[in-house]
Amino acid sequence: MKSLSLQKLPRQGEASSFLLEQLNEPQRKAAETLEGPVLILAGAGSGKTRALTYRIAYMIEQGIRPQDILALTFTNKAAGEMKERIAKLVGESKASGVWAGTFHAIFARILRMEAEAIGYTSSYSVYDADDSLSVVKAVMNSLGISQQQYTPNAMRNAISGAKNKHIGVQEYQREAGSIFEKQAGLIYQEYEKRLRANNAMDFDDLLLNVIRLFEMRPDILQRYQERFRYVLIDEYQDTNKAQYTAVAMLTRVHNNICVVGDDAQSIYRWRGADIRNILDFERDYPQAVVLRLEQNYRSTKTILSAANAVISNNADQLKKELWTANDDGELIDVVRCRDDREEAEQIVKYIRQEVRSGKEYRDIAVLYRTNAQSQAIEDALRRENIPYTIVGGVSFYKRKEVKDTLAYLKLIVNERDSESLQRIVNEPPRGLGKTSLQLIADYAEREGISLFDAYCIAESIPGLQKRAQTAALDFSAMIRRFSGVRNQLRPDELARTLIDATGLLRMYEEDGSDEALDRWNNIQRVLSHIAEYHDKNPDATLEQYVQEIALLSDMDNVDTHGKAVLMMTLHSAKGLEFPMVILPGLERGLYPLSKAEQNKDELEEERRLFYVGITRAEKKLVLLHAEKRYRFGEISYPMPSGFLSEITPELLRPIGGKAIPELSAWSSGGFRKPRHEHDFIDEYSGQKMTDSSGEKVRFIDEDV
DNA sequence: TAAAAAATCGTTTTT
DNA sequence: CGATTTTTTA
């Protein structure tokens with residue numbers, strides 16, 4: 001056991017390493033305090049990633065073996081960037097030895113290697129939220145629980161919530177009080193049974209099963225404890241109970257755990273993130289060294305003051321004071337718009353103006369609360385020929401044809417994956433309708449065999465039509481044919497011939513409509529993606545590809561250096577920064593969401609989200625809100641967000657109406673009754689404003 | 001069985 | 001409003 005005193009600790013000014021010279025004082029401390037628990041409270045824009053990468057580089061420089069280091073991040077993108085930056089500091093060969101990835105990706109890898117120990121095979125399937133929802137529906141059906149009374153989504157959330165809190169079926173059922181919870185307990189139990197039967201894990205299982213593995217097999221735990229002598233965790237404020245537990249187990253022996261986070265940026269409570277993990281770190285690790293990175297290098301004084309003012313309204317937080325040596329910068333524009341359409345036009349205007357003054361499109365980001373908001377803005381940008389990239393939304397991987405394609409691949413890797421099987425058994429149509437499917441499923445259940453095995457012996461299923469029998473047999477034979485050669489063929493070739501054999505591509509080709517063509521293209525994209533993957537990982541099997549792709553998000557492929565304005569949700573924007581940030585939709589009911597307004601904790605989370613949004617901006621921040629918005633196909637007249645009045649008025653420049661005197665009145669609830677549209681136009685039409693470039697701009701009445 | 005028509009829903013945020 | 005699911009019809 002090493003102790004701190006054995007460590008070579010350079011005194012102030014006595015830089016021991018070229019690396020450390022490039023850091024400020026607290027960053028350097030963060031980088032050189034290698035042994036024991038370390039908590040780094042890193043404010044927004046304080047060079048957190050820099051401290052972390054230099055720390056790892058310094059470790060390697062100090063002779064720690066790269067493969068002893070485990071760095072856990074929240075997104076694949078963050079992991080990739082970290083690796084890249086480490087490689088720049090210590091060279092590719094050393095950097096590639098470091099284990100860096102998301103919790104889910106790293107744990108999935110561990111589980112693939114140790115699958116047998118917990119009753120899985122290494123070719124287990126990973127179910128995303130959609131898959132698991134569909135299992136919940138099936139379970140509710142078979143248990144005879146009405147989907148009217150409780151929505152499958154609510155049930156899935158209950159199950160996932162329990163898992164994130166590391167609560168198993170037994171415990172959940174024991175603690176269940178309400179009828180809802182009792183029902184959820186039953187569904188939970190059956191759900192687990194089915195996933196296991198399918199040799200499948202959902203996202204939450206990737207964490208839980210690692211804990212189970214470690215609990216059941218101390219020998220295996222010990223191996224990984226030995227292996228990961230140094231563990232670093234980024235975005236610690238967003239870890240959940242399961243992640244906390246797994247990491248605690250891993251680090252118990254060497255106790256070299258270094259976590260970085262900012263409680264003010266915790267925005268995943270709804271997904272089970274437990275802010276106590278970071279708030280209680282000092283209690284959990286009494287010997288912990290606590291460091292604060294409080295100098296912000298990113299934003300102007302104005303932007304930072306606004307952020308500080310907003311977040312100070314939250315009660316529960318660790319004390320830190322973020323400051324900056326940067327200039328005051330421009331005031332923050334608060335733009336009041338007539339409706340969401342005008343809001344989009346205003347955004348266009350700002351982008352235009354910024355580009356005219358010499359900025360690139362990529363310097364600008366539009367960050368919204370909900371994906372639905374992107375539509376109106378997207379239309380306006382397209383109309384105006386402004387290049388843009390939308391992150392997230394309807395994810396590529398969530399599209400029907402892409403999921404179908406992957407389901408075929410998953411099935412040949414894991415025949416027990418009944419979820420994937422049901423998805424594609426009649427896609428394209430093979431003459432296997434609802435009744436036949438039900439008949440086969442019932443038979444499989446009765447005989448206690450897997451769904452796939454039932455398809456293989458379709459000829460002996462009573463009541464099944466001749467035509468359906470042949471279809472089922474042909475289908476299962478095809479799957480088996482490919483399954484048998486899945487380790488002989490190259491993954492890309494295998495995938496291509498399989499998809500060819502399924503007739504999926506042909507179906508869309510024959511359809512010929514624009515939509516079908518689109519789908520055809522998407523399938524081709526998947527296939528070329530596999531080819532690309534094979535080029536990069538020549539030894540990887542299709543099995544590995546299928547498992548890795550399940551953990552990929554749209555965010556991971558975002559090009560922040562491209563030539564387009566970026567549009568995404570605030571959640572996706574965490575960790576990014578832009579010279580100009582535009583935040584639309586600052587209205588009550590939307591931001592904060594109406595659901596959060598009643599609940600203090602949820603309201604505070606919304607506020608942290610706003611804080612994240614503000615602190616993405618380097619130079620210029622624009623806040624917009626509309627007085628009339630289409631929501632749910634209906635017109636609503638929302639009040640401006642209460643968050644707006646939390647910003648010191650001196651930092652704001654109101655545009656589009658007499659916003660200053662009214663801001664506080666609005667947000668304290670003094671907003672007038674929804675007015676009729678003609679009132680509105682009477683009041684504002686023709687009104688002229690001056691924008692920051694000094695030119696006359698017409699805000700209303702400007703129909704494009 | 002499959003395609004077309006009608007009804008029903010629902011909205012945070014995502015690894 | 002738009003996507004998805006259920007019902008009707010060929």
# chains A, B, ... in the order shown; residues from 1 in each chain; ligands from 1

$ residues_around --residues "range 546-555 of chain A" --least-positions-apart "2" --cutoff "8 Å" --atoms "only C-alpha atoms (C1' of nucleotides)" --output "number ranges by chain"
A: 76-77, 104-105, 125-128, 391-392, 395-397, 406, 409-410, 542-544, 557-558, 572; B: 15

$ interface_residues --of "chain B" --to "chain A" --cutoff "10 Å" --atoms "only C-alpha atoms (C1' of nucleotides)" --output "count of residues only"
8

$ interface_residues --of "chain C" --to "chain A" --cutoff "12 Å" --atoms "only C-alpha atoms (C1' of nucleotides)" --output "list in words"
DC1, DG2 and DA3 of chain C

$ write_last_selection --atoms "C-alpha atoms (C1' of nucleotides)" --output "short mmCIF file (atom, residue, chain, number, x, y, z; two decimals), in the first residue's frame"
data_model
loop_
_atom_site.label_atom_id
_atom_site.label_comp_id
_atom_site.auth_asym_id
_atom_site.auth_seq_id
_atom_site.Cartn_x
_atom_site.Cartn_y
_atom_site.Cartn_z
"C1'" DC C 1 -49.70 18.59 -35.48
"C1'" DG C 2 -47.54 14.08 -36.40
"C1'" DA C 3 -46.43 9.55 -35.29
#

$ select_by_dssp --residues "range 242-341 of chain A" --states "helix (DSSP H, G or I)" --output "tab-separated table (two decimals) with N, CA, C and O atoms, in the first residue's frame"
chain	number	residue	atom	x	y	z
A	242	ALA	N	-25.77	2.59	-9.08
A	242	ALA	CA	-25.14	1.37	-9.59
A	242	ALA	C	-23.69	1.65	-10.01
A	242	ALA	O	-22.78	0.87	-9.71
A	243	GLN	N	-23.50	2.77	-10.69
A	243	GLN	CA	-22.15	3.12	-11.11
A	243	GLN	C	-21.25	3.37	-9.90
A	243	GLN	O	-20.09	2.96	-9.86
A	244	TYR	N	-21.84	4.04	-8.93
A	244	TYR	CA	-21.10	4.33	-7.70
A	244	TYR	C	-20.63	3.02	-7.06
A	244	TYR	O	-19.46	2.87	-6.68
A	245	THR	N	-21.56	2.08	-6.95
A	245	THR	CA	-21.24	0.81	-6.29
A	245	THR	C	-20.16	0.04	-7.05
A	245	THR	O	-19.20	-0.46	-6.45
A	246	ALA	N	-20.32	-0.04	-8.35
A	246	ALA	CA	-19.35	-0.78	-9.16
A	246	ALA	C	-17.94	-0.19	-9.00
A	246	ALA	O	-16.96	-0.92	-8.81
A	247	VAL	N	-17.87	1.13	-9.05
A	247	VAL	CA	-16.57	1.78	-8.94
A	247	VAL	C	-15.99	1.62	-7.53
A	247	VAL	O	-14.80	1.39	-7.36
A	248	ALA	N	-16.87	1.70	-6.55
A	248	ALA	CA	-16.40	1.53	-5.17
A	248	ALA	C	-15.78	0.14	-5.00
A	248	ALA	O	-14.74	-0.01	-4.35
A	249	MET	N	-16.39	-0.86	-5.61
A	249	MET	CA	-15.85	-2.21	-5.52
A	249	MET	C	-14.49	-2.29	-6.21
A	249	MET	O	-13.53	-2.86	-5.68
A	250	LEU	N	-14.44	-1.71	-7.38
A	250	LEU	CA	-13.21	-1.77	-8.17
A	250	LEU	C	-12.03	-1.11	-7.47
A	250	LEU	O	-10.89	-1.56	-7.57
A	251	THR	N	-12.28	-0.02	-6.78
A	251	THR	CA	-11.18	0.78	-6.24
A	251	THR	C	-10.87	0.47	-4.78
A	251	THR	O	-10.01	1.12	-4.19
A	263	ASP	N	-21.25	19.84	-9.42
A	263	ASP	CA	-22.62	19.58	-9.01
A	263	ASP	C	-23.61	20.54	-9.69
A	263	ASP	O	-24.76	20.21	-9.89
A	264	ALA	N	-23.10	21.71	-10.07
A	264	ALA	CA	-23.98	22.68	-10.73
A	264	ALA	C	-24.38	22.23	-12.12
A	264	ALA	O	-25.28	22.79	-12.73
A	265	GLN	N	-23.72	21.22	-12.63
A	265	GLN	CA	-24.05	20.75	-13.98
A	265	GLN	C	-24.68	19.36	-13.98
A	265	GLN	O	-24.67	18.66	-14.98
A	269	ARG	N	-30.66	13.65	-13.25
A	269	ARG	CA	-31.34	13.08	-12.12
A	269	ARG	C	-32.49	12.18	-12.58
A	269	ARG	O	-32.74	11.11	-12.04
A	270	TRP	N	-33.20	12.63	-13.61
A	270	TRP	CA	-34.34	11.87	-14.13
A	270	TRP	C	-33.93	10.49	-14.62
A	270	TRP	O	-34.74	9.60	-14.77
A	271	ARG	N	-32.66	10.34	-14.91
A	271	ARG	CA	-32.20	9.06	-15.40
A	271	ARG	C	-31.53	8.25	-14.31
A	271	ARG	O	-30.88	7.26	-14.56
A	276	ARG	N	-25.99	12.99	-4.85
A	276	ARG	CA	-25.34	12.74	-3.55
A	276	ARG	C	-23.95	12.12	-3.75
A	276	ARG	O	-23.07	12.26	-2.92
A	277	ASN	N	-23.79	11.40	-4.84
A	277	ASN	CA	-22.50	10.78	-5.11
A	277	ASN	C	-21.37	11.79	-5.03
A	277	ASN	O	-20.33	11.53	-4.44
A	278	ILE	N	-21.61	12.96	-5.61
A	278	ILE	CA	-20.55	13.97	-5.57
A	278	ILE	C	-20.61	14.79	-4.29
A	278	ILE	O	-19.59	15.12	-3.69
A	279	LEU	N	-21.84	15.07	-3.83
A	279	LEU	CA	-21.96	15.87	-2.61
A	279	LEU	C	-21.37	15.13	-1.41
A	279	LEU	O	-20.85	15.74	-0.48
A	281	PHE	N	-18.94	12.77	-1.50
A	281	PHE	CA	-17.66	12.11	-1.77
A	281	PHE	C	-16.69	12.24	-0.59
A	281	PHE	O	-16.03	11.28	-0.20
A	282	GLU	N	-16.67	13.44	-0.01
A	282	GLU	CA	-15.73	13.66	1.11
A	282	GLU	C	-16.10	12.81	2.32
A	282	GLU	O	-15.25	12.42	3.10
A	283	ARG	N	-17.41	12.54	2.45
A	283	ARG	CA	-17.85	11.70	3.55
A	283	ARG	C	-17.49	10.23	3.28
A	283	ARG	O	-17.06	9.51	4.17
A	284	ASP	N	-17.68	9.82	2.02
A	284	ASP	CA	-17.37	8.44	1.66
A	284	ASP	C	-15.87	8.16	1.70
A	284	ASP	O	-15.45	7.04	1.96
A	301	LYS	N	-16.94	37.94	-18.82
A	301	LYS	CA	-17.40	38.25	-17.46
A	301	LYS	C	-18.92	38.34	-17.42
A	301	LYS	O	-19.56	37.90	-16.47
A	302	THR	N	-19.48	38.95	-18.46
A	302	THR	CA	-20.93	39.11	-18.50
A	302	THR	C	-21.64	37.76	-18.44
A	302	THR	O	-22.55	37.54	-17.64
A	303	ILE	N	-21.20	36.85	-19.29
A	303	ILE	CA	-21.84	35.54	-19.36
A	303	ILE	C	-21.66	34.78	-18.04
A	303	ILE	O	-22.60	34.20	-17.50
A	304	LEU	N	-20.47	34.87	-17.51
A	304	LEU	CA	-20.20	34.15	-16.27
A	304	LEU	C	-21.01	34.73	-15.11
A	304	LEU	O	-21.52	33.98	-14.27
A	305	SER	N	-21.14	36.05	-15.07
A	305	SER	CA	-21.94	36.66	-14.01
A	305	SER	C	-23.38	36.19	-14.10
A	305	SER	O	-24.02	35.91	-13.08
A	306	ALA	N	-23.88	36.13	-15.30
A	306	ALA	CA	-25.26	35.67	-15.49
A	306	ALA	C	-25.40	34.24	-14.97
A	306	ALA	O	-26.34	33.91	-14.24
A	307	ALA	N	-24.44	33.41	-15.34
A	307	ALA	CA	-24.49	32.01	-14.91
A	307	ALA	C	-24.44	31.91	-13.39
A	307	ALA	O	-25.24	31.19	-12.78
A	308	ASN	N	-23.54	32.66	-12.79
A	308	ASN	CA	-23.43	32.63	-11.33
A	308	ASN	C	-24.71	33.12	-10.66
A	308	ASN	O	-25.15	32.55	-9.67
A	309	ALA	N	-25.28	34.17	-11.24
A	309	ALA	CA	-26.51	34.73	-10.65
A	309	ALA	C	-27.63	33.70	-10.69
A	309	ALA	O	-28.36	33.52	-9.72
A	310	VAL	N	-27.73	33.01	-11.81
A	310	VAL	CA	-28.80	32.02	-11.96
A	310	VAL	C	-28.61	30.87	-10.97
A	310	VAL	O	-29.52	30.51	-10.23
A	311	ILE	N	-27.42	30.33	-10.93
A	311	ILE	CA	-27.21	29.11	-10.15
A	311	ILE	C	-27.27	29.39	-8.65
A	311	ILE	O	-27.54	28.50	-7.85
A	340	ASP	N	-43.37	31.36	-32.37
A	340	ASP	CA	-42.19	30.51	-32.60
A	340	ASP	C	-41.62	30.71	-34.01
A	340	ASP	O	-40.44	30.48	-34.24
A	341	ARG	N	-42.49	31.13	-34.90
A	341	ARG	CA	-42.01	31.36	-36.26
A	341	ARG	C	-41.06	32.56	-36.29
A	341	ARG	O	-39.99	32.53	-36.88

$ atom_distance --atom1 "CA of Asn198 in chain A" --atom2 "CA of Lys403 in chain A"
17.4 Å

$ residues_around --residues "DT4 in chain C" --least-positions-apart "5" --cutoff "12 Å" --atoms "only C-alpha atoms (C1' of nucleotides)" --output "list in words"
DA7, DT8, DC9 and DG10 of chain B

$ write_last_selection --atoms "N, CA, C and O atoms (P, O5', C5', C4', C3', O3' and C1' of nucleotides)" --output "PDB file, in the first residue's frame"
ATOM      1  P    DA B   7     -62.889   7.274 -36.746  1.00  0.00           P
ATOM      2  O5'  DA B   7     -62.016   6.994 -35.444  1.00  0.00           O
ATOM      3  C5'  DA B   7     -61.951   5.671 -34.905  1.00  0.00           C
ATOM      4  C4'  DA B   7     -60.748   5.566 -33.990  1.00  0.00           C
ATOM      5  C3'  DA B   7     -60.722   6.617 -32.879  1.00  0.00           C
ATOM      6  O3'  DA B   7     -60.495   5.948 -31.661  1.00  0.00           O
ATOM      7  C1'  DA B   7     -58.644   6.552 -33.999  1.00  0.00           C
ATOM      8  P    DT B   8     -60.835   6.601 -30.288  1.00  0.00           P
ATOM      9  O5'  DT B   8     -59.417   6.537 -29.575  1.00  0.00           O
ATOM     10  C5'  DT B   8     -58.515   5.462 -29.897  1.00  0.00           C
ATOM     11  C4'  DT B   8     -57.088   5.892 -29.624  1.00  0.00           C
ATOM     12  C3'  DT B   8     -56.963   6.952 -28.519  1.00  0.00           C
ATOM     13  O3'  DT B   8     -55.979   6.514 -27.621  1.00  0.00           O
ATOM     14  C1'  DT B   8     -55.669   7.559 -30.370  1.00  0.00           C
ATOM     15  P    DC B   9     -56.297   6.379 -26.045  1.00  0.00           P
ATOM     16  O5'  DC B   9     -54.941   6.979 -25.462  1.00  0.00           O
ATOM     17  C5'  DC B   9     -54.510   8.035 -26.078  1.00  0.00           C
ATOM     18  C4'  DC B   9     -53.077   8.097 -26.387  1.00  0.00           C
ATOM     19  C3'  DC B   9     -52.554   9.459 -25.923  1.00  0.00           C
ATOM     20  O3'  DC B   9     -52.220   9.461 -24.550  1.00  0.00           O
ATOM     21  C1'  DC B   9     -51.985   9.102 -28.180  1.00  0.00           C
ATOM     22  P    DG B  10     -51.362   8.810 -23.700  1.00  0.00           P
ATOM     23  O5'  DG B  10     -49.968   9.499 -24.047  1.00  0.00           O
ATOM     24  C5'  DG B  10     -49.106   8.906 -24.988  1.00  0.00           C
ATOM     25  C4'  DG B  10     -48.219   9.962 -25.596  1.00  0.00           C
ATOM     26  C3'  DG B  10     -47.738  11.008 -24.597  1.00  0.00           C
ATOM     27  O3'  DG B  10     -46.374  11.271 -24.885  1.00  0.00           O
ATOM     28  C1'  DG B  10     -48.718  12.099 -26.412  1.00  0.00           C
TER      29       DG B  10
END

$ atom_distance --atom1 "CA of Ala344 in chain A" --atom2 "CA of Gly656 in chain A"
14.1 Å

$ atom_distance --atom1 "CA of Leu651 in chain A" --atom2 "CA of Gly585 in chain A"
19.4 Å

$ select_by_dssp --residues "range 76-139 of chain A" --states "strand (DSSP E)" --output "PyMOL selection string"
chain A and resi 99-102+125-127

$ write_last_selection --atoms "C-alpha atoms" --output "PDB file, in the first residue's frame"
ATOM      1  CA  TRP A  99      -8.706   1.923 -20.846  1.00  0.00           C
ATOM      2  CA  ALA A 100     -10.946   4.860 -21.665  1.00  0.00           C
ATOM      3  CA  GLY A 101     -14.636   4.630 -22.426  1.00  0.00           C
ATOM      4  CA  THR A 102     -18.130   5.070 -21.120  1.00  0.00           C
ATOM      5  CA  SER A 125     -27.607  -8.941 -27.000  1.00  0.00           C
ATOM      6  CA  VAL A 126     -27.868  -5.397 -25.715  1.00  0.00           C
ATOM      7  CA  TYR A 127     -31.389  -3.976 -25.641  1.00  0.00           C
TER       8      TYR A 127
END

$ decode --residues "chain C" --atoms "all heavy atoms" --output "short mmCIF file (atom, residue, chain, number, x, y, z; two decimals), in the first residue's frame"
data_model
loop_
_atom_site.label_atom_id
_atom_site.label_comp_id
_atom_site.auth_asym_id
_atom_site.auth_seq_id
_atom_site.Cartn_x
_atom_site.Cartn_y
_atom_site.Cartn_z
P DC C 1 -53.18 21.31 -38.06
OP1 DC C 1 -52.90 22.59 -38.72
OP2 DC C 1 -54.12 20.38 -38.65
"O5'" DC C 1 -51.80 20.57 -37.76
"C5'" DC C 1 -50.69 21.37 -37.36
"C4'" DC C 1 -49.60 20.46 -36.86
"O4'" DC C 1 -49.95 19.98 -35.55
"C3'" DC C 1 -49.36 19.25 -37.74
"O3'" DC C 1 -47.98 19.18 -38.04
"C2'" DC C 1 -49.80 18.07 -36.91
"C1'" DC C 1 -49.70 18.59 -35.48
N1 DC C 1 -50.71 18.00 -34.55
C2 DC C 1 -50.31 17.12 -33.53
O2 DC C 1 -49.11 16.84 -33.43
N3 DC C 1 -51.24 16.60 -32.70
C4 DC C 1 -52.52 16.93 -32.85
N4 DC C 1 -53.40 16.41 -32.01
C5 DC C 1 -52.95 17.83 -33.86
C6 DC C 1 -52.02 18.33 -34.68
P DG C 2 -47.52 18.26 -39.21
OP1 DG C 2 -46.29 18.88 -39.74
OP2 DG C 2 -48.63 17.92 -40.11
"O5'" DG C 2 -47.12 16.95 -38.41
"C5'" DG C 2 -45.99 16.97 -37.54
"C4'" DG C 2 -45.86 15.62 -36.90
"O4'" DG C 2 -47.01 15.36 -36.07
"C3'" DG C 2 -45.78 14.46 -37.89
"O3'" DG C 2 -44.81 13.56 -37.40
"C2'" DG C 2 -47.18 13.87 -37.86
"C1'" DG C 2 -47.54 14.08 -36.40
N9 DG C 2 -48.98 14.12 -36.11
C8 DG C 2 -49.99 14.65 -36.89
N7 DG C 2 -51.17 14.53 -36.35
C5 DG C 2 -50.92 13.88 -35.14
C6 DG C 2 -51.81 13.48 -34.12
O6 DG C 2 -53.04 13.62 -34.07
N1 DG C 2 -51.15 12.87 -33.06
C2 DG C 2 -49.79 12.66 -33.01
N2 DG C 2 -49.33 12.05 -31.92
N3 DG C 2 -48.94 13.03 -33.95
C4 DG C 2 -49.58 13.64 -34.98
P DA C 3 -44.08 12.60 -38.37
OP1 DA C 3 -42.73 13.11 -38.57
OP2 DA C 3 -44.95 12.27 -39.52
"O5'" DA C 3 -43.97 11.31 -37.44
"C5'" DA C 3 -43.58 11.46 -36.07
"C4'" DA C 3 -44.27 10.41 -35.25
"O4'" DA C 3 -45.67 10.74 -35.13
"C3'" DA C 3 -44.21 8.99 -35.84
"O3'" DA C 3 -43.72 8.13 -34.84
"C2'" DA C 3 -45.63 8.69 -36.25
"C1'" DA C 3 -46.43 9.55 -35.29
N9 DA C 3 -47.75 9.92 -35.76
C8 DA C 3 -48.08 10.51 -36.95
N7 DA C 3 -49.37 10.73 -37.09
C5 DA C 3 -49.92 10.27 -35.91
C6 DA C 3 -51.24 10.23 -35.43
N6 DA C 3 -52.29 10.68 -36.12
N1 DA C 3 -51.45 9.70 -34.21
C2 DA C 3 -50.39 9.25 -33.51
N3 DA C 3 -49.10 9.24 -33.85
C4 DA C 3 -48.94 9.77 -35.08
P DT C 4 -43.34 6.64 -35.17
OP1 DT C 4 -42.04 6.42 -34.53
OP2 DT C 4 -43.53 6.41 -36.61
"O5'" DT C 4 -44.44 5.81 -34.37
"C5'" DT C 4 -44.85 6.24 -33.07
"C4'" DT C 4 -46.14 5.58 -32.72
"O4'" DT C 4 -47.24 6.24 -33.39
"C3'" DT C 4 -46.23 4.10 -33.12
"O3'" DT C 4 -46.69 3.35 -32.02
"C2'" DT C 4 -47.25 4.10 -34.25
"C1'" DT C 4 -48.14 5.27 -33.84
N1 DT C 4 -48.95 5.85 -34.94
C2 DT C 4 -50.30 6.03 -34.72
O2 DT C 4 -50.86 5.73 -33.69
N3 DT C 4 -50.98 6.59 -35.78
C4 DT C 4 -50.46 6.98 -37.00
O4 DT C 4 -51.17 7.47 -37.87
C5 DT C 4 -49.03 6.76 -37.16
C7 DT C 4 -48.37 7.15 -38.45
C6 DT C 4 -48.37 6.22 -36.14
P DT C 5 -46.51 1.79 -31.96
OP1 DT C 5 -45.59 1.52 -30.87
OP2 DT C 5 -46.24 1.29 -33.34
"O5'" DT C 5 -47.98 1.28 -31.54
"C5'" DT C 5 -48.77 2.07 -30.66
"C4'" DT C 5 -50.23 1.93 -31.01
"O4'" DT C 5 -50.52 2.66 -32.22
"C3'" DT C 5 -50.67 0.48 -31.27
"O3'" DT C 5 -51.79 0.21 -30.44
"C2'" DT C 5 -51.04 0.47 -32.74
"C1'" DT C 5 -51.48 1.92 -32.96
N1 DT C 5 -51.44 2.38 -34.37
C2 DT C 5 -52.60 2.91 -34.92
O2 DT C 5 -53.65 3.00 -34.32
N3 DT C 5 -52.48 3.34 -36.21
C4 DT C 5 -51.35 3.28 -37.01
O4 DT C 5 -51.37 3.70 -38.16
C5 DT C 5 -50.17 2.72 -36.39
C7 DT C 5 -48.90 2.60 -37.16
C6 DT C 5 -50.28 2.30 -35.10
P DT C 6 -52.32 -1.30 -30.27
OP1 DT C 6 -52.48 -1.53 -28.83
OP2 DT C 6 -51.49 -2.20 -31.09
"O5'" DT C 6 -53.76 -1.20 -30.94
"C5'" DT C 6 -54.71 -0.27 -30.43
"C4'" DT C 6 -55.83 -0.09 -31.43
"O4'" DT C 6 -55.29 0.43 -32.67
"C3'" DT C 6 -56.58 -1.37 -31.80
"O3'" DT C 6 -57.97 -1.17 -31.55
"C2'" DT C 6 -56.26 -1.58 -33.27
"C1'" DT C 6 -55.99 -0.16 -33.74
N1 DT C 6 -55.15 -0.04 -34.97
C2 DT C 6 -55.66 0.62 -36.07
O2 DT C 6 -56.78 1.10 -36.10
N3 DT C 6 -54.81 0.70 -37.13
C4 DT C 6 -53.52 0.19 -37.22
O4 DT C 6 -52.86 0.33 -38.24
C5 DT C 6 -53.05 -0.49 -36.04
C7 DT C 6 -51.68 -1.08 -36.02
C6 DT C 6 -53.88 -0.58 -34.97
P DT C 7 -58.99 -2.35 -31.77
OP1 DT C 7 -60.04 -2.19 -30.74
OP2 DT C 7 -58.26 -3.63 -31.90
"O5'" DT C 7 -59.61 -1.97 -33.19
"C5'" DT C 7 -60.29 -0.72 -33.34
"C4'" DT C 7 -60.75 -0.56 -34.77
"O4'" DT C 7 -59.60 -0.44 -35.65
"C3'" DT C 7 -61.59 -1.72 -35.31
"O3'" DT C 7 -62.79 -1.19 -35.85
"C2'" DT C 7 -60.70 -2.36 -36.38
"C1'" DT C 7 -59.84 -1.18 -36.82
N1 DT C 7 -58.52 -1.55 -37.41
C2 DT C 7 -58.17 -1.05 -38.66
O2 DT C 7 -58.90 -0.34 -39.32
N3 DT C 7 -56.93 -1.43 -39.09
C4 DT C 7 -56.02 -2.24 -38.43
O4 DT C 7 -54.94 -2.49 -38.93
C5 DT C 7 -56.45 -2.70 -37.13
C7 DT C 7 -55.54 -3.57 -36.34
C6 DT C 7 -57.66 -2.35 -36.68
P DT C 8 -63.90 -2.15 -36.43
OP1 DT C 8 -65.21 -1.55 -36.10
OP2 DT C 8 -63.60 -3.55 -36.05
"O5'" DT C 8 -63.64 -1.98 -37.98
"C5'" DT C 8 -63.72 -0.67 -38.55
"C4'" DT C 8 -63.32 -0.71 -40.01
"O4'" DT C 8 -61.93 -1.10 -40.13
"C3'" DT C 8 -64.12 -1.69 -40.87
"O3'" DT C 8 -64.65 -0.99 -41.98
"C2'" DT C 8 -63.09 -2.74 -41.30
"C1'" DT C 8 -61.79 -1.95 -41.24
N1 DT C 8 -60.56 -2.76 -41.02
C2 DT C 8 -59.52 -2.68 -41.93
O2 DT C 8 -59.56 -2.00 -42.92
N3 DT C 8 -58.43 -3.45 -41.60
C4 DT C 8 -58.28 -4.27 -40.51
O4 DT C 8 -57.26 -4.92 -40.34
C5 DT C 8 -59.40 -4.32 -39.61
C7 DT C 8 -59.34 -5.18 -38.40
C6 DT C 8 -60.49 -3.56 -39.90
P DT C 9 -65.75 -1.63 -42.86
OP1 DT C 9 -66.62 -0.52 -43.28
OP2 DT C 9 -66.32 -2.82 -42.19
"O5'" DT C 9 -64.89 -2.10 -44.11
"C5'" DT C 9 -64.19 -1.13 -44.88
"C4'" DT C 9 -63.19 -1.80 -45.78
"O4'" DT C 9 -62.19 -2.49 -45.00
"C3'" DT C 9 -63.78 -2.85 -46.74
"O3'" DT C 9 -63.29 -2.60 -48.03
"C2'" DT C 9 -63.22 -4.16 -46.21
"C1'" DT C 9 -61.88 -3.68 -45.68
N1 DT C 9 -61.18 -4.58 -44.73
C2 DT C 9 -59.86 -4.88 -44.96
O2 DT C 9 -59.23 -4.45 -45.90
N3 DT C 9 -59.29 -5.71 -44.03
C4 DT C 9 -59.91 -6.26 -42.92
O4 DT C 9 -59.30 -7.00 -42.17
C5 DT C 9 -61.31 -5.91 -42.75
C7 DT C 9 -62.06 -6.46 -41.60
C6 DT C 9 -61.87 -5.09 -43.66
P DA C 10 -64.05 -2.89 -49.30
OP1 DA C 10 -64.32 -1.61 -49.96
OP2 DA C 10 -65.16 -3.81 -48.96
"O5'" DA C 10 -62.96 -3.69 -50.15
"C5'" DA C 10 -61.79 -3.00 -50.57
"C4'" DA C 10 -60.71 -4.01 -50.86
"O4'" DA C 10 -60.34 -4.68 -49.63
"C3'" DA C 10 -61.12 -5.11 -51.84
"O3'" DA C 10 -60.13 -5.23 -52.84
"C2'" DA C 10 -61.17 -6.38 -50.99
"C1'" DA C 10 -60.17 -6.05 -49.90
N9 DA C 10 -60.40 -6.77 -48.63
C8 DA C 10 -61.55 -6.84 -47.92
N7 DA C 10 -61.45 -7.54 -46.81
C5 DA C 10 -60.12 -7.95 -46.80
C6 DA C 10 -59.38 -8.72 -45.90
N6 DA C 10 -59.89 -9.23 -44.79
N1 DA C 10 -58.08 -8.93 -46.19
C2 DA C 10 -57.58 -8.41 -47.32
N3 DA C 10 -58.18 -7.67 -48.24
C4 DA C 10 -59.46 -7.47 -47.92
#
